[in-house]
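Colleague: Structure incoming, see below.
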Amino acid sequence: MGQCCSSGSGGGESGAAEGANKAETPAPQSSDPAQQTEETPATENEQPKESEQSGGAKPVVFVLGASGSIGVATVQSLSSKFAEKVEIRAGVRNPDKADKLKEISGVTIVQASMADKDGLVTTLAGVSSLYIVVPGSENRAELAGLAVDAAKEAGVKHIVSVSVSGADLKDTIFGGQFNEIESKVSGIGIPFTLVRLPYFMDNYLGFASTVKENGQFYAPLSGDKAFTPVTTSDAGVAAATILVDPSKHEGKTYNIVSCRNTMDDIASTLSTLLEKEITFVKVEPSDAKQTFLGFGMPEWQVDGVLELFKLMEEGSPKTNQEDLGDYKNITGEDPTSLKDFLTNFKAAFE
């Protein structure tokens, strides 16, 4: 194998290529929103203090599956924007490994496993708004179902669930999984909001090694095919805003995107920023699959990633959203542009 395009934090796609030059590339991540959720089970269930259970004067917002990229971004947004309004709890399977969350002020880190329904019932007592960010495991629909049942039993007032832009496509791998999750959330009898996320712009950081080495980057997609990605930061701000005042968003399904771009747009923007020519190279899906399998990704996940790239190649409205307005409608802010994102991370490509 040769060149590889690598995705970043879960929610994006990965690509690989045959190429003339060998290159060191980072291992690809999953294409689903929660792939970076920490997976090591903890041995005991740490509970908030009794005074914290009541929530005091502030409503309690709980992010379950908080150690992944989306969970961390959401907790960070809650802390920076809404700490005066809500009590923030971050549920993870192993608090000892939640280093990124420990750096965020005003957050109570709680041991919580979606697989432990009985433990969750106790942990979620007194929670007003719950954000369920499922892990990138093949049984995540089952895990989400346990979490939803626990929320119902615990008396949670509002559930927000992460999903994917293709959740209506039940015949696809990720679509089928998240369609089941959405059905469970919407049918449990608790006020809910669904947050559908697309390809992550943060995945572009995975192009950095080959951009620096030979001025090229790679993916199994034509360079002129438009798609609508999101930054993990924007996804976190949108989710945090919903969690703090969920009644405004009851029963709604949002598609959170930041902008519309192509791989050629990325190459052009990088060329301007770096003051040298950067080119994009399309690679074959079969080559990408072999590379991803070689990185240790499970085959079901690799196939799901390639299904998403196929939808992008076909110009599916699920991956190229017509309406880009949900983020601004929720937050009142403009989302991150391609130029601003790459400018912020220019040093990674130099």
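Just remember, in the structure tokens the first chain shown is A, the second B, etc., residues are 1-based per chain, and ligands are 1-based in the order shown.
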Which residues in region 71-287 of chain A does DSSP call helix (DSSP H, G or I)? List them as a VMD selection string.

Modeller: chain A and resid 71 to 82 95 to 97 99 to 102 117 to 123 140 to 154 173 to 187 201 to 214 232 to 244 246 to 249 263 to 274 285 to 287

Colleague: What's around Val244 (chain A) at 8 Å? Count only C-alpha atoms, leave out sequence neighbours fewer than 2 positions away in its own chain, and write the answer as a short mmCIF file (atom, residue, chain, number, x, y, z; two decimals) with N, CA and C atoms, in the first residue's frame.

Modeller:
```
data_model
loop_
_atom_site.label_atom_id
_atom_site.label_comp_id
_atom_site.auth_asym_id
_atom_site.auth_seq_id
_atom_site.Cartn_x
_atom_site.Cartn_y
_atom_site.Cartn_z
N VAL A 61 -27.26 19.16 33.55
CA VAL A 61 -27.06 18.68 32.18
C VAL A 61 -26.00 17.59 32.22
N PHE A 82 -22.14 28.34 29.28
CA PHE A 82 -23.36 28.19 30.07
C PHE A 82 -23.13 27.74 31.51
N LYS A 85 -25.50 28.87 34.15
CA LYS A 85 -26.91 28.49 34.02
C LYS A 85 -27.20 27.05 34.42
N VAL A 86 -26.22 26.14 34.27
CA VAL A 86 -26.47 24.72 34.50
C VAL A 86 -25.34 24.07 35.28
N SER A 129 -31.43 17.46 31.51
CA SER A 129 -31.18 17.20 30.09
C SER A 129 -30.04 16.21 29.93
N ALA A 240 -24.71 21.89 23.06
CA ALA A 240 -24.75 22.56 24.36
C ALA A 240 -25.90 23.55 24.44
N THR A 241 -26.12 24.29 23.37
CA THR A 241 -27.20 25.26 23.34
C THR A 241 -28.56 24.59 23.49
N ILE A 242 -28.72 23.46 22.84
CA ILE A 242 -29.97 22.69 22.95
C ILE A 242 -30.16 22.17 24.37
N PRO A 246 -33.78 23.09 26.41
CA PRO A 246 -34.29 22.07 25.49
C PRO A 246 -35.74 22.25 25.05
#
```

Colleague: At a cut-off of 9 Å, using only C-alpha atoms, what residues contact Arg196 (chain A)? Leave out same-chain residues fewer than 3 positions from it and give the result as a list in words.

Modeller: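 Once the adjacent positions are removed, what remains is Ser161, Val162, Ser163, Val164, Ser165, Gly166, Ala167, Thr253, Tyr254, Asn255 and Ile256 of chain A.
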
Colleague: Name the closest residue to Val72 (chain A) among the candidates A:Val283, A:Ala239, A:Ile330, A:Ala125; distances are taken between atoms, counting only C-alpha atoms.

Modeller: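 Smallest distance to Val72 (chain A) is found for A:Ala239.
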
Colleague: For the strand (DSSP E) assignment from backbone DSSP, which residues of region 46-285 of chain A qualify? Please present them as a PyMOL selection string.

Modeller: chain A and resi 60-64+87-92+107-111+129-132+158-164+192-197+216-219+252-255+279-282

Colleague: When you draw a straight line from CA of Gly106 (chain A) to CA of Asp149 (chain A), how long is it in Å?

Modeller: 28.0 Å

Colleague: Rank A:Asp202, A:Asp265, A:Glu142, A:Asp245 by their smallest atom-to-atom distance to Ser233 (chain A), using only C-alpha atoms, and report the top residue only.

Modeller: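 Among the listed residues, the smallest separation from Ser233 (chain A) belongs to A:Asp202.
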
Colleague: Rounded to one decimal place, report the CA of Thr108 (chain A)-CA of Lys252 (chain A) distance in Å.

Modeller: 28.3 Å

Colleague: Would you please work out which residue, of A:Val257, A:Leu306, A:Tyr204, A:Leu243, is nearest to Leu342 (chain A) when using only C-alpha atoms?

Modeller: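 For Leu342 (chain A), the nearest of the given residues is A:Tyr204.
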
Colleague: Expressed in Å to a single decimal, how great is the separation between CA of Ala226 (chain A) and CA of Lys310 (chain A)?

Modeller: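 Taking CA of Ala226 (chain A) and CA of Lys310 (chain A), their separation equals 12.4 Å.
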
Colleague: Could you check the closest approach to Ala235 (chain A) for each of A:Thr331, A:Thr123, A:Thr193, A:Ser137 and tell me which residue wins, using only C-alpha atoms?

Modeller: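 For Ala235 (chain A), the nearest of the given residues is A:Thr331.
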
Colleague: Have a look at A:Ile173, A:Ile104, A:Leu273, A:Ala219 and name the one nearest to Gly304 (chain A); count only C-alpha atoms.

Modeller: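 The closest residue to Gly304 (chain A) is A:Ile173.
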
Colleague: Do a neighbour search on Val148 (chain A) at 12 Å with only C-alpha atoms, toss out local chain neighbours closer than 6 positions, and write the hits as an MDAnalysis selection string.

Modeller: chainID A and resid 64 114:118 120:121 124 130:134 141:142 154:161 181:192

Colleague: Selection from above, N, CA and C atoms, as a compact mmCIF listing (two decimals), in the first residue's frame, can you write it?

Modeller:
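What ended up in part24.txt:
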```txt
# COMPACT_ATOMS: atom_id res chain seq x y z
N LEU A 64 -23.48 11.87 28.36
CA LEU A 64 -23.14 10.46 28.52
C LEU A 64 -22.34 9.99 27.31
N MET A 114 -23.05 2.82 29.50
CA MET A 114 -24.33 2.56 28.84
C MET A 114 -24.76 1.12 28.98
N ALA A 115 -23.81 0.22 29.17
CA ALA A 115 -24.13 -1.19 29.30
C ALA A 115 -24.70 -1.54 30.67
N ASP A 116 -24.57 -0.63 31.63
CA ASP A 116 -25.03 -0.87 33.00
C ASP A 116 -26.30 -0.07 33.25
N LYS A 117 -27.43 -0.61 32.80
CA LYS A 117 -28.69 0.13 32.92
C LYS A 117 -29.02 0.44 34.38
N ASP A 118 -28.90 -0.54 35.26
CA ASP A 118 -29.25 -0.32 36.67
C ASP A 118 -28.40 0.78 37.29
N LEU A 120 -27.00 3.22 35.64
CA LEU A 120 -27.38 4.48 35.03
C LEU A 120 -28.63 5.08 35.67
N VAL A 121 -29.57 4.21 36.05
CA VAL A 121 -30.78 4.71 36.69
C VAL A 121 -30.43 5.54 37.91
N LEU A 124 -28.36 8.85 36.80
CA LEU A 124 -29.12 9.87 36.10
C LEU A 124 -30.22 10.51 36.94
N LEU A 130 -30.26 15.19 29.13
CA LEU A 130 -29.27 14.14 28.90
C LEU A 130 -28.87 14.11 27.43
N TYR A 131 -27.57 14.13 27.17
CA TYR A 131 -27.05 13.98 25.81
C TYR A 131 -26.42 12.59 25.69
N ILE A 132 -26.97 11.76 24.82
CA ILE A 132 -26.46 10.41 24.62
C ILE A 132 -25.55 10.40 23.40
N VAL A 133 -24.25 10.16 23.64
CA VAL A 133 -23.25 10.07 22.57
C VAL A 133 -22.74 8.64 22.56
N VAL A 134 -23.27 7.84 21.66
CA VAL A 134 -22.95 6.41 21.67
C VAL A 134 -21.53 6.16 21.18
N ALA A 141 -26.59 0.55 18.98
CA ALA A 141 -28.05 0.74 19.07
C ALA A 141 -28.58 0.08 20.34
N GLU A 142 -28.03 -1.09 20.66
CA GLU A 142 -28.41 -1.76 21.90
C GLU A 142 -28.01 -0.94 23.12
N ALA A 154 -35.19 6.88 35.41
CA ALA A 154 -34.59 7.84 36.32
C ALA A 154 -35.35 9.17 36.37
N GLY A 155 -36.25 9.38 35.44
CA GLY A 155 -37.01 10.62 35.43
C GLY A 155 -36.35 11.77 34.71
N VAL A 156 -35.43 11.46 33.78
CA VAL A 156 -34.80 12.51 32.97
C VAL A 156 -35.89 13.25 32.20
N LYS A 157 -35.76 14.58 32.13
CA LYS A 157 -36.81 15.40 31.54
C LYS A 157 -36.71 15.57 30.04
N HIS A 158 -35.48 15.49 29.48
CA HIS A 158 -35.31 15.70 28.04
C HIS A 158 -34.08 14.91 27.59
N ILE A 159 -34.21 14.20 26.48
CA ILE A 159 -33.10 13.45 25.89
C ILE A 159 -32.69 14.10 24.58
N VAL A 160 -31.40 14.36 24.45
CA VAL A 160 -30.80 14.75 23.17
C VAL A 160 -29.91 13.58 22.75
N SER A 161 -30.05 13.15 21.51
CA SER A 161 -29.25 12.01 21.04
C SER A 161 -28.46 12.39 19.80
N ILE A 181 -31.63 3.81 16.75
CA ILE A 181 -31.45 4.68 17.92
C ILE A 181 -32.48 5.80 17.92
N GLU A 182 -32.67 6.44 16.78
CA GLU A 182 -33.64 7.52 16.70
C GLU A 182 -35.06 7.03 17.02
N SER A 183 -35.40 5.86 16.53
CA SER A 183 -36.73 5.30 16.81
C SER A 183 -36.92 5.05 18.29
N LYS A 184 -35.89 4.56 18.95
CA LYS A 184 -35.96 4.31 20.39
C LYS A 184 -36.15 5.61 21.16
N VAL A 185 -35.35 6.61 20.81
CA VAL A 185 -35.41 7.89 21.52
C VAL A 185 -36.77 8.56 21.31
N SER A 186 -37.24 8.56 20.09
CA SER A 186 -38.49 9.27 19.79
C SER A 186 -39.72 8.53 20.31
N GLY A 187 -39.57 7.24 20.61
CA GLY A 187 -40.72 6.46 21.03
C GLY A 187 -40.81 6.17 22.52
N ILE A 188 -39.88 6.68 23.32
CA ILE A 188 -39.83 6.32 24.74
C ILE A 188 -40.81 7.14 25.59
N GLY A 189 -41.31 8.25 25.04
CA GLY A 189 -42.27 9.05 25.79
C GLY A 189 -41.66 10.18 26.60
N ILE A 190 -40.39 10.52 26.31
CA ILE A 190 -39.71 11.66 26.94
C ILE A 190 -39.48 12.71 25.86
N PRO A 191 -39.63 14.00 26.16
CA PRO A 191 -39.27 15.03 25.18
C PRO A 191 -37.85 14.81 24.66
N PHE A 192 -37.65 14.98 23.37
CA PHE A 192 -36.36 14.62 22.77
C PHE A 192 -35.98 15.59 21.67
```
